[in-house]
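Reproduced below: data.txt, with compact mmCIF, C-alpha atoms and all ligand atoms.
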# COMPACT_ATOMS: atom_id res chain seq x y z
CA MET W 20 3.95 -14.79 -23.36
CA MET W 21 5.58 -11.78 -21.79
CA ARG W 22 3.50 -9.76 -19.35
CA ARG W 23 2.05 -6.57 -20.84
CA LEU W 24 2.56 -3.17 -19.24
CA PHE W 25 0.68 -0.09 -20.43
CA TYR W 26 2.26 3.28 -21.18
CA THR W 27 1.16 6.81 -22.05
CA ASP W 28 4.16 8.54 -23.63
CA HIS W 29 2.77 7.88 -27.14
CA GLN W 30 0.55 10.88 -26.31
CA VAL W 31 2.80 13.92 -26.14
CA LEU W 32 1.99 16.43 -23.43
CA PRO W 33 3.01 19.86 -24.72
CA LEU W 34 4.63 21.87 -21.90
CA PRO W 35 6.37 25.25 -22.04
CA PRO W 36 10.17 24.88 -21.78
CA GLU W 37 10.31 26.43 -18.30
CA HIS W 38 7.71 24.00 -16.89
CA ARG W 39 8.99 22.04 -13.89
CA PHE W 40 7.06 18.81 -14.42
CA PRO W 41 9.54 16.02 -15.34
CA ILE W 42 7.58 14.61 -18.27
CA THR W 43 10.63 12.73 -19.63
CA LYS W 44 10.55 10.25 -16.75
CA TYR W 45 7.76 8.23 -18.39
CA ARG W 46 9.73 7.57 -21.59
CA ILE W 47 12.94 6.85 -19.68
CA LEU W 48 11.08 4.36 -17.48
CA ARG W 49 9.64 2.55 -20.49
CA GLU W 50 13.07 2.38 -22.14
CA LEU W 51 14.70 1.02 -18.96
CA LEU W 52 12.16 -1.80 -18.73
CA GLU W 53 12.36 -2.47 -22.48
CA ARG W 54 16.10 -2.98 -22.07
CA ASP W 55 15.44 -5.53 -19.29
CA GLY W 56 13.53 -7.63 -21.82
CA TYR W 57 11.04 -9.15 -19.38
CA PHE W 58 7.89 -7.23 -20.33
CA SER W 59 6.01 -6.26 -23.45
CA PHE W 60 4.49 -2.80 -23.83
CA GLU W 61 1.22 -1.48 -25.11
CA PRO W 62 -0.03 2.08 -25.51
CA GLY W 63 -2.78 2.81 -23.00
CA PRO W 64 -6.20 2.98 -24.69
CA PRO W 65 -8.20 6.14 -23.96
CA ALA W 66 -10.66 5.77 -21.07
CA ASP W 67 -14.23 6.57 -21.98
CA VAL W 68 -15.98 9.47 -20.36
CA LYS W 69 -18.79 7.33 -18.91
CA THR W 70 -16.29 5.31 -16.89
CA ILE W 71 -14.59 8.48 -15.65
CA GLU W 72 -18.00 9.72 -14.52
CA LEU W 73 -18.29 6.80 -12.12
CA VAL W 74 -16.19 9.10 -9.91
CA HIS W 75 -16.03 12.57 -11.43
CA GLU W 76 -18.81 15.12 -11.74
CA ARG W 77 -20.09 15.46 -15.28
CA GLU W 78 -19.71 19.24 -15.34
CA TYR W 79 -16.04 19.00 -14.42
CA VAL W 80 -15.34 16.24 -16.94
CA GLU W 81 -17.08 18.13 -19.77
CA ALA W 82 -15.37 21.42 -18.98
CA PHE W 83 -11.96 19.72 -18.95
CA MET W 84 -12.62 17.87 -22.21
CA ASN W 85 -13.84 21.07 -23.91
CA GLY W 86 -11.10 23.30 -22.54
CA THR W 87 -13.56 25.52 -20.70
CA LEU W 88 -12.28 25.08 -17.13
CA SER W 89 -11.47 28.42 -15.50
CA ALA W 90 -7.90 29.72 -15.50
CA ALA W 91 -7.87 29.22 -11.72
CA ALA W 92 -8.96 25.57 -12.08
CA MET W 93 -6.20 24.96 -14.67
CA ARG W 94 -3.62 26.69 -12.44
CA LYS W 95 -4.57 24.32 -9.65
CA ILE W 96 -3.96 21.35 -11.98
CA GLY W 97 -0.63 22.87 -12.98
CA PHE W 98 -0.65 22.09 -16.72
CA PRO W 99 -1.75 24.41 -19.53
CA TRP W 100 -4.85 23.06 -21.30
CA SER W 101 -4.29 21.49 -24.72
CA GLU W 102 -5.74 18.73 -26.89
CA GLY W 103 -2.55 16.86 -26.02
CA LEU W 104 -3.31 17.13 -22.31
CA VAL W 105 -6.78 15.69 -22.89
CA LYS W 106 -5.41 12.74 -24.89
CA ARG W 107 -2.65 12.09 -22.40
CA THR W 108 -5.08 12.24 -19.47
CA LEU W 109 -7.50 9.78 -21.09
CA ALA W 110 -4.60 7.45 -21.92
CA SER W 111 -3.44 7.63 -18.31
CA VAL W 112 -6.81 6.61 -16.86
CA GLY W 113 -7.19 4.09 -19.70
CA SER W 114 -3.80 2.55 -18.85
CA THR W 115 -4.85 2.04 -15.24
CA LEU W 116 -8.11 0.45 -16.40
CA ALA W 117 -6.22 -1.81 -18.81
CA ALA W 118 -3.80 -2.77 -16.02
CA THR W 119 -6.80 -3.56 -13.81
CA ARG W 120 -8.25 -5.85 -16.49
CA GLU W 121 -4.85 -7.51 -16.72
CA ALA W 122 -4.75 -7.96 -12.95
CA LEU W 123 -8.23 -9.53 -12.90
CA ALA W 124 -7.20 -11.94 -15.67
CA THR W 125 -3.65 -12.82 -14.57
CA GLY W 126 -3.07 -11.74 -10.95
CA TRP W 127 -1.30 -8.46 -11.46
CA GLY W 128 -1.12 -5.61 -13.93
CA GLY W 129 0.88 -2.43 -14.27
CA THR W 130 0.80 0.97 -15.90
CA LEU W 131 3.88 3.13 -16.45
CA ALA W 132 1.73 6.14 -15.49
CA GLY W 133 -1.25 6.86 -13.25
CA GLY W 134 -1.46 7.37 -9.52
CA THR W 135 -3.04 10.80 -9.98
CA HIS W 136 -4.19 10.91 -6.38
CA HIS W 137 -4.64 14.68 -5.93
CA ALA W 138 -7.70 14.71 -8.22
CA PHE W 139 -11.05 15.21 -6.45
CA ALA W 140 -14.48 14.40 -7.88
CA ALA W 141 -15.08 17.96 -9.07
CA GLU W 142 -11.60 19.43 -9.48
CA GLY W 143 -8.02 18.58 -10.32
CA SER W 144 -4.92 19.54 -8.38
CA GLY W 145 -1.15 19.02 -8.25
CA TYR W 146 -0.63 17.65 -11.82
CA CYS W 147 -3.69 15.40 -11.44
CA VAL W 148 -6.82 15.79 -13.59
CA PHE W 149 -8.76 12.57 -13.00
CA ASN W 150 -8.25 10.08 -10.18
CA ASP W 151 -7.33 6.91 -12.07
CA ILE W 152 -7.28 4.61 -9.03
CA ALA W 153 -10.68 5.84 -7.84
CA VAL W 154 -12.13 5.35 -11.34
CA ALA W 155 -10.68 1.84 -11.64
CA ALA W 156 -11.90 0.93 -8.14
CA ARG W 157 -15.47 1.98 -8.93
CA TRP W 158 -15.26 0.28 -12.33
CA VAL W 159 -14.25 -3.02 -10.71
CA GLN W 160 -17.00 -2.77 -8.10
CA ALA W 161 -19.60 -2.02 -10.76
CA GLY W 162 -18.57 -4.80 -13.12
CA SER W 163 -17.52 -7.72 -10.92
CA GLU W 164 -18.19 -9.55 -7.68
CA ILE W 165 -15.34 -7.64 -6.05
CA LYS W 166 -16.51 -5.22 -3.38
CA ARG W 167 -13.69 -4.68 -0.85
CA VAL W 168 -10.96 -2.53 -2.36
CA ALA W 169 -7.71 -1.27 -0.83
CA ALA W 170 -5.88 1.77 -2.23
CA VAL W 171 -2.34 1.69 -0.82
CA ASP W 172 -0.73 5.07 -1.47
CA LEU W 173 2.99 5.33 -0.67
CA ASP W 174 3.68 8.50 -2.61
CA VAL W 175 5.43 11.01 -0.35
CA HIS W 176 2.44 13.35 -0.78
CA GLN W 177 -0.90 12.54 0.81
CA GLY W 178 -3.46 10.85 -1.46
CA ASP W 179 -5.91 13.60 -0.57
CA GLY W 180 -8.20 13.26 -3.60
CA THR W 181 -8.54 9.50 -3.16
CA ALA W 182 -9.18 9.92 0.59
CA HIS W 183 -11.88 12.49 -0.06
CA ILE W 184 -13.61 10.52 -2.83
CA PHE W 185 -13.98 7.47 -0.57
CA ARG W 186 -14.42 9.31 2.75
CA ASP W 187 -17.94 7.91 3.29
CA ASP W 188 -17.43 4.56 1.57
CA PRO W 189 -16.59 1.68 3.91
CA SER W 190 -15.99 -0.66 0.94
CA VAL W 191 -12.78 1.16 -0.02
CA LEU W 192 -9.91 1.32 2.42
CA THR W 193 -7.57 4.22 1.68
CA LEU W 194 -4.09 4.22 3.17
CA SER W 195 -1.63 7.06 2.75
CA VAL W 196 1.92 7.07 4.12
CA HIS W 197 3.39 10.50 3.45
CA CYS W 198 5.59 13.29 4.75
CA LYS W 199 3.62 15.74 6.85
CA ALA W 200 5.56 18.83 5.69
CA ASN W 201 4.66 18.26 2.02
CA PHE W 202 1.90 19.39 -0.34
CA PRO W 203 -1.06 19.39 0.12
CA LEU W 204 -0.98 21.86 2.98
CA ARG W 205 -4.53 20.99 3.94
CA LYS W 206 -4.68 17.22 4.43
CA GLN W 207 -7.79 15.08 4.05
CA GLN W 208 -8.55 12.10 6.21
CA SER W 209 -7.77 8.73 4.66
CA ARG W 210 -9.08 5.65 6.46
CA LEU W 211 -5.44 5.20 7.52
CA ASP W 212 -2.84 7.95 7.46
CA ALA W 213 0.75 7.59 8.58
CA GLU W 214 2.46 10.99 8.68
CA LEU W 215 6.24 11.09 8.70
CA GLU W 216 8.47 13.99 9.71
CA ALA W 217 10.89 15.44 7.13
CA GLY W 218 14.23 13.65 6.96
CA VAL W 219 13.02 10.13 7.78
CA GLY W 220 15.21 7.38 6.27
CA ASP W 221 14.72 3.75 5.22
CA LYS W 222 14.76 2.11 8.65
CA GLU W 223 12.09 4.25 10.30
CA TYR W 224 10.03 4.37 7.10
CA LEU W 225 9.92 0.59 6.72
CA SER W 226 9.09 0.10 10.37
CA VAL W 227 6.10 2.48 10.16
CA LEU W 228 5.00 0.89 6.88
CA GLY W 229 5.11 -2.64 8.30
CA LYS W 230 2.82 -1.70 11.17
CA THR W 231 0.43 0.25 8.94
CA LEU W 232 0.14 -2.47 6.31
CA ARG W 233 -1.14 -4.92 8.92
CA SER W 234 -4.42 -3.00 9.07
CA VAL W 235 -4.73 -3.30 5.28
CA TRP W 236 -4.36 -7.06 5.34
CA GLU W 237 -6.86 -7.28 8.21
CA PHE W 238 -9.39 -5.45 6.04
CA ASP W 239 -9.10 -8.47 3.72
CA PRO W 240 -9.36 -6.59 0.40
CA GLU W 241 -10.43 -8.43 -2.75
CA ILE W 242 -8.19 -6.23 -4.93
CA VAL W 243 -5.30 -3.91 -4.10
CA PHE W 244 -4.36 -0.76 -6.02
CA TYR W 245 -0.84 0.52 -5.43
CA GLN W 246 0.20 4.16 -5.83
CA SER W 247 3.95 3.53 -5.79
CA GLY W 248 5.26 7.13 -5.97
CA VAL W 249 9.04 7.27 -5.55
CA ASP W 250 9.27 10.90 -4.44
CA GLY W 251 10.44 9.73 -1.01
CA LEU W 252 13.92 9.30 -2.56
CA ALA W 253 16.61 11.44 -0.93
CA SER W 254 17.39 12.98 -4.35
CA ASP W 255 13.80 14.17 -4.86
CA ARG W 256 13.23 17.92 -5.27
CA LEU W 257 9.83 17.81 -3.54
CA GLY W 258 9.85 14.86 -1.18
CA ARG W 259 11.80 15.81 1.99
CA LEU W 260 12.43 12.17 3.00
CA LYS W 261 15.79 10.39 2.80
CA LEU W 262 14.88 7.03 1.27
CA THR W 263 17.32 5.05 -0.89
CA HIS W 264 16.69 2.88 -3.94
CA ASP W 265 17.22 -0.21 -1.76
CA GLY W 266 14.75 1.13 0.81
CA LEU W 267 12.12 1.66 -1.88
CA ARG W 268 12.71 -1.85 -3.23
CA GLU W 269 12.14 -3.23 0.27
CA ARG W 270 9.00 -1.08 0.56
CA ASP W 271 7.68 -2.58 -2.69
CA ARG W 272 8.51 -6.10 -1.48
CA MET W 273 6.60 -5.57 1.77
CA VAL W 274 3.49 -4.47 -0.11
CA MET W 275 3.68 -7.20 -2.75
CA ARG W 276 4.48 -10.08 -0.40
CA GLY W 277 1.42 -9.09 1.63
CA VAL W 278 -0.74 -9.04 -1.50
CA LYS W 279 0.68 -12.34 -2.65
CA GLU W 280 -0.25 -13.91 0.66
CA LEU W 281 -3.82 -12.63 0.27
CA GLY W 282 -3.87 -14.02 -3.26
CA VAL W 283 -5.86 -11.13 -4.75
CA PRO W 284 -5.42 -9.06 -7.95
CA PHE W 285 -2.84 -6.27 -7.73
CA VAL W 286 -2.59 -3.10 -9.83
CA ILE W 287 0.57 -0.98 -9.97
CA THR W 288 0.47 2.73 -10.83
CA ILE W 289 3.62 4.85 -10.59
CA GLY W 290 2.65 8.17 -8.97
CA GLY W 291 5.15 10.94 -8.30
CA GLY W 292 8.91 11.31 -8.61
CA TYR W 293 10.92 14.49 -9.15
CA SER W 294 14.57 13.61 -8.59
CA ASP W 295 17.41 15.66 -9.90
CA PRO W 296 18.61 14.08 -12.16
CA ILE W 297 15.30 12.52 -13.22
CA GLU W 298 17.01 9.23 -14.21
CA LEU W 299 17.12 8.39 -10.48
CA THR W 300 13.34 8.60 -10.37
CA SER W 301 12.84 6.44 -13.47
CA GLU W 302 15.24 3.84 -12.07
CA ALA W 303 13.21 3.68 -8.84
CA HIS W 304 9.96 3.30 -10.80
CA ALA W 305 11.56 0.53 -12.91
CA ASN W 306 12.57 -1.26 -9.71
CA THR W 307 8.91 -1.45 -8.64
CA PHE W 308 8.12 -3.54 -11.73
CA ARG W 309 11.29 -5.61 -11.28
CA VAL W 310 10.22 -6.38 -7.70
CA ALA W 311 6.74 -7.34 -8.96
CA ARG W 312 8.33 -9.86 -11.30
CA GLU W 313 10.51 -11.16 -8.46
CA VAL W 314 7.53 -11.55 -6.07
CA PHE W 315 4.78 -12.68 -8.43
CA GLY W 316 6.85 -14.45 -11.09
CA GLU W 317 6.29 -13.97 -14.83
ZN ZN S 401 3.96 12.88 -4.90
The structure in this file should be written as structure tokens.
Ligand SMILES: [Zn+2]
Amino acid sequence: MMRRLFYTDHQVLPLPPEHRFPITKYRILRELLERDGYFSFEPGPPADVKTIELVHEREYVEAFMNGTLSAAAMRKIGFPWSEGLVKRTLASVGSTLAATREALATGWGGTLAGGTHHAFAAEGSGYCVFNDIAVAARWVQAGSEIKRVAAVDLDVHQGDGTAHIFRDDPSVLTLSVHCKANFPLRKQQSRLDAELEAGVGDKEYLSVLGKTLRSVWEFDPEIVFYQSGVDGLASDRLGRLKLTHDGLRERDRMVMRGVKELGVPFVITIGGGYSDPIELTSEAHANTFRVAREVFGE
């Protein structure tokens, strides 16, 4: 049996031609991994609203579903509202939930989407509507014996929504390693934040990461969610760091070897990536799943 990964590009997100969001990266990523031949692929099932409301305020969820969020709230999200956006968003959260189920059953699971870490309980932001990792974390806590959760966020932007959602919750350790000069301007406080200056390369990055991860392992989480954003790549339009594909592979190995040693379920979400050309981003995302196979086996 090949390991299943969940995807969302069966739901088409309609964007105006001038929109800067690199929506093609999801399909390119799926095709790269399909060509490898090591995984099977399933469309992410839509998350149900009740599960989303484990984290998000009902009024916000309903207004988004019905298309009645204010123009200002939609501008903050950064996508025009459409039925397609609703379906895609539900598939994205649903993919993370499906990957979490897979992780609980087999050790690890992955979605070729998710990592929408700028979403707060009552509003979206920065291309993020609902916070998939927060929803999956609460879902696991509500439905299993698992209580201690770690959310390891290595996207080059701070996981501000995730940090804020769990700010008063000692059962969820949030870690964000990000570039200080990046969006969001106003940072939240994660349990652990490592802020890097613009221009940092592989060596310094990996050294900071190694030290920071120690605190995660000491927390002794019973499940680990990974926001594996690859917008730290030197070719990224938004990232400001100077990481290479090899550096990101090493980053992924450090995280996964640590999780393997703990022996707990592990959930991969992809997060951000805005390289020019976008193929560089998709390649880096594909490498995360290749490293998972290398570290965890089939
Ligand atoms: Zn990002």
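In this structure, CA of Lys261 (chain W) sits 19.7 Å away from CA of Gly178 (chain W).
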Protein and nucleic acid residues within 12 Å of ligand ZN 401 (chain S) (all atoms listed in the file) as a ChimeraX atom specification: /W:40,133-137,144-147,172-179,195-198,201-203,246-252,255-260,289-294,300
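Closest approach to Gly218 (chain W) among W:Lys199, W:Lys206, W:Arg186, W:Lys106: W:Lys199, based on all atoms listed in the file.
In this comparison, which uses only C-alpha atoms, the residue of W:Glu53, W:Val154, W:Gly126, W:Asp239 approaching Val314 (chain W) most closely is W:Gly126.
The residue set within 10 Å of Gly282 (chain W), counting all atoms listed in the file and dropping same-chain residues fewer than 2 places from it, reads Gly126, Pro240, Glu241, Ile242, Arg276, Gly277, Val278, Lys279, Glu280, Pro284 and Phe285 of chain W.
The interatomic distance for the pair CA of Gly129 (chain W) and CA of Val243 (chain W) works out to 12.0 Å.
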Nearest candidate to Ala253 (chain W) (options W:Gly162, W:Gly220, W:Gly229, W:Pro36; using all atoms listed in the file): W:Gly220
Just give me the residues with any atom within 9 Å of (-7.2, -1.4, -14.8), file coordinates, counting all atoms listed in the file, written as a PDB file with C-alpha atoms, in the coordinates of the input.
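File written: point_18.pdb
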ATOM      1  CA  VAL W 112      -6.810   6.610 -16.860  1.00  0.00           C
ATOM      2  CA  GLY W 113      -7.190   4.090 -19.700  1.00  0.00           C
ATOM      3  CA  SER W 114      -3.800   2.550 -18.850  1.00  0.00           C
ATOM      4  CA  THR W 115      -4.850   2.040 -15.240  1.00  0.00           C
ATOM      5  CA  LEU W 116      -8.110   0.450 -16.400  1.00  0.00           C
ATOM      6  CA  ALA W 117      -6.220  -1.810 -18.810  1.00  0.00           C
ATOM      7  CA  ALA W 118      -3.800  -2.770 -16.020  1.00  0.00           C
ATOM      8  CA  THR W 119      -6.800  -3.560 -13.810  1.00  0.00           C
ATOM      9  CA  ARG W 120      -8.250  -5.850 -16.490  1.00  0.00           C
ATOM     10  CA  GLU W 121      -4.850  -7.510 -16.720  1.00  0.00           C
ATOM     11  CA  ALA W 122      -4.750  -7.960 -12.950  1.00  0.00           C
ATOM     12  CA  LEU W 123      -8.230  -9.530 -12.900  1.00  0.00           C
ATOM     13  CA  GLY W 128      -1.120  -5.610 -13.930  1.00  0.00           C
ATOM     14  CA  GLY W 129       0.880  -2.430 -14.270  1.00  0.00           C
ATOM     15  CA  THR W 130       0.800   0.970 -15.900  1.00  0.00           C
ATOM     16  CA  ASP W 151      -7.330   6.910 -12.070  1.00  0.00           C
ATOM     17  CA  ILE W 152      -7.280   4.610  -9.030  1.00  0.00           C
ATOM     18  CA  ALA W 155     -10.680   1.840 -11.640  1.00  0.00           C
ATOM     19  CA  ALA W 156     -11.900   0.930  -8.140  1.00  0.00           C
ATOM     20  CA  TRP W 158     -15.260   0.280 -12.330  1.00  0.00           C
ATOM     21  CA  VAL W 159     -14.250  -3.020 -10.710  1.00  0.00           C
ATOM     22  CA  VAL W 286      -2.590  -3.100  -9.830  1.00  0.00           C
TER      23      VAL W 286
END
Atom-to-atom span, CA of Gly266 (chain W) and CA of Glu50 (chain W), Å: 23.0 Å
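Proximity ranking of W:Glu302, W:Phe139, W:Ala92, W:Met21 relative to Gly56 (chain W) places W:Met21 first, based on all atoms listed in the file.
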All residues 10 Å or closer to Pro33 (chain W), all atoms listed in the file, same chain fewer than 4 positions away omitted, as number ranges by chain: W: 42, 98-104, 107
Once 8 Å is added on each side, what centre and edge lengths in Å to one decimal does the axis-aligned box around all listed atoms of region 201-205 of chain W have, as lines of an AutoDock Vina configuration file?
center_x = 0.1
center_y = 20.1
center_z = 1.8
size_x = 25.2
size_y = 19.6
size_z = 20.3
Mind filling out region 23-54 of chain W with N, CA and C atoms and sending it as an mmCIF file, in the coordinates of the input?
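So rebuild.cif came out as:
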data_model
loop_
_atom_site.group_PDB
_atom_site.id
_atom_site.type_symbol
_atom_site.label_atom_id
_atom_site.label_comp_id
_atom_site.auth_asym_id
_atom_site.auth_seq_id
_atom_site.Cartn_x
_atom_site.Cartn_y
_atom_site.Cartn_z
ATOM 1 N N ARG W 23 2.227 -7.890 -20.222
ATOM 2 C CA ARG W 23 2.050 -6.570 -20.840
ATOM 3 C C ARG W 23 2.025 -5.474 -19.794
ATOM 4 N N LEU W 24 2.719 -4.390 -20.047
ATOM 5 C CA LEU W 24 2.560 -3.170 -19.240
ATOM 6 C C LEU W 24 2.043 -2.081 -20.174
ATOM 7 N N PHE W 25 1.304 -1.142 -19.614
ATOM 8 C CA PHE W 25 0.680 -0.090 -20.430
ATOM 9 C C PHE W 25 1.392 1.237 -20.207
ATOM 10 N N TYR W 26 1.533 2.005 -21.289
ATOM 11 C CA TYR W 26 2.260 3.280 -21.180
ATOM 12 C C TYR W 26 1.467 4.413 -21.823
ATOM 13 N N THR W 27 1.903 5.643 -21.553
ATOM 14 C CA THR W 27 1.160 6.810 -22.050
ATOM 15 C C THR W 27 2.011 7.778 -22.874
ATOM 16 N N ASP W 28 3.321 7.518 -22.989
ATOM 17 C CA ASP W 28 4.160 8.540 -23.630
ATOM 18 C C ASP W 28 4.018 8.575 -25.152
ATOM 19 N N HIS W 29 3.119 7.727 -25.707
ATOM 20 C CA HIS W 29 2.770 7.880 -27.140
ATOM 21 C C HIS W 29 1.925 9.152 -27.324
ATOM 22 N N GLN W 30 1.290 9.611 -26.257
ATOM 23 C CA GLN W 30 0.550 10.880 -26.310
ATOM 24 C C GLN W 30 1.455 11.960 -25.730
ATOM 25 N N VAL W 31 1.826 12.908 -26.569
ATOM 26 C CA VAL W 31 2.800 13.920 -26.140
ATOM 27 C C VAL W 31 2.086 15.051 -25.419
ATOM 28 N N LEU W 32 2.553 15.322 -24.206
ATOM 29 C CA LEU W 32 1.990 16.430 -23.430
ATOM 30 C C LEU W 32 2.814 17.680 -23.708
ATOM 31 N N PRO W 33 2.223 18.662 -24.400
ATOM 32 C CA PRO W 33 3.010 19.860 -24.720
ATOM 33 C C PRO W 33 3.139 20.755 -23.481
ATOM 34 N N LEU W 34 4.373 20.998 -23.054
ATOM 35 C CA LEU W 34 4.630 21.870 -21.900
ATOM 36 C C LEU W 34 5.582 22.979 -22.316
ATOM 37 N N PRO W 35 5.400 24.180 -21.768
ATOM 38 C CA PRO W 35 6.370 25.250 -22.040
ATOM 39 C C PRO W 35 7.737 24.855 -21.499
ATOM 40 N N PRO W 36 8.820 25.351 -22.138
ATOM 41 C CA PRO W 36 10.170 24.880 -21.780
ATOM 42 C C PRO W 36 10.532 25.114 -20.311
ATOM 43 N N GLU W 37 9.942 26.127 -19.688
ATOM 44 C CA GLU W 37 10.310 26.430 -18.300
ATOM 45 C C GLU W 37 9.498 25.602 -17.296
ATOM 46 N N HIS W 38 8.567 24.761 -17.804
ATOM 47 C CA HIS W 38 7.710 24.000 -16.890
ATOM 48 C C HIS W 38 8.528 23.002 -16.068
ATOM 49 N N ARG W 39 8.173 22.860 -14.781
ATOM 50 C CA ARG W 39 8.990 22.040 -13.890
ATOM 51 C C ARG W 39 8.574 20.566 -13.837
ATOM 52 N N PHE W 40 7.477 20.213 -14.497
ATOM 53 C CA PHE W 40 7.060 18.810 -14.420
ATOM 54 C C PHE W 40 8.002 17.920 -15.250
ATOM 55 N N PRO W 41 8.534 16.848 -14.644
ATOM 56 C CA PRO W 41 9.540 16.020 -15.340
ATOM 57 C C PRO W 41 8.916 14.991 -16.273
ATOM 58 N N ILE W 42 8.352 15.478 -17.373
ATOM 59 C CA ILE W 42 7.580 14.610 -18.270
ATOM 60 C C ILE W 42 8.431 13.513 -18.899
ATOM 61 N N THR W 43 9.763 13.731 -18.980
ATOM 62 C CA THR W 43 10.630 12.730 -19.630
ATOM 63 C C THR W 43 10.725 11.423 -18.836
ATOM 64 N N LYS W 44 10.337 11.455 -17.558
ATOM 65 C CA LYS W 44 10.550 10.250 -16.750
ATOM 66 C C LYS W 44 9.760 9.049 -17.259
ATOM 67 N N TYR W 45 8.623 9.311 -17.912
ATOM 68 C CA TYR W 45 7.760 8.230 -18.390
ATOM 69 C C TYR W 45 8.441 7.457 -19.529
ATOM 70 N N ARG W 46 9.031 8.215 -20.473
ATOM 71 C CA ARG W 46 9.730 7.570 -21.590
ATOM 72 C C ARG W 46 10.973 6.829 -21.095
ATOM 73 N N ILE W 47 11.722 7.484 -20.202
ATOM 74 C CA ILE W 47 12.940 6.850 -19.680
ATOM 75 C C ILE W 47 12.604 5.553 -18.953
ATOM 76 N N LEU W 48 11.528 5.570 -18.182
ATOM 77 C CA LEU W 48 11.080 4.360 -17.480
ATOM 78 C C LEU W 48 10.763 3.237 -18.465
ATOM 79 N N ARG W 49 9.991 3.574 -19.499
ATOM 80 C CA ARG W 49 9.640 2.550 -20.490
ATOM 81 C C ARG W 49 10.890 1.964 -21.139
ATOM 82 N N GLU W 50 11.847 2.852 -21.473
ATOM 83 C CA GLU W 50 13.070 2.380 -22.140
ATOM 84 C C GLU W 50 13.918 1.497 -21.204
ATOM 85 N N LEU W 51 13.955 1.846 -19.925
ATOM 86 C CA LEU W 51 14.700 1.020 -18.960
ATOM 87 C C LEU W 51 14.123 -0.396 -18.916
ATOM 88 N N LEU W 52 12.794 -0.480 -18.840
ATOM 89 C CA LEU W 52 12.160 -1.800 -18.730
ATOM 90 C C LEU W 52 12.229 -2.558 -20.060
ATOM 91 N N GLU W 53 12.196 -1.822 -21.180
ATOM 92 C CA GLU W 53 12.360 -2.470 -22.480
ATOM 93 C C GLU W 53 13.728 -3.141 -22.570
ATOM 94 N N ARG W 54 14.733 -2.447 -22.038
ATOM 95 C CA ARG W 54 16.100 -2.980 -22.070
ATOM 96 C C ARG W 54 16.212 -4.257 -21.224
#
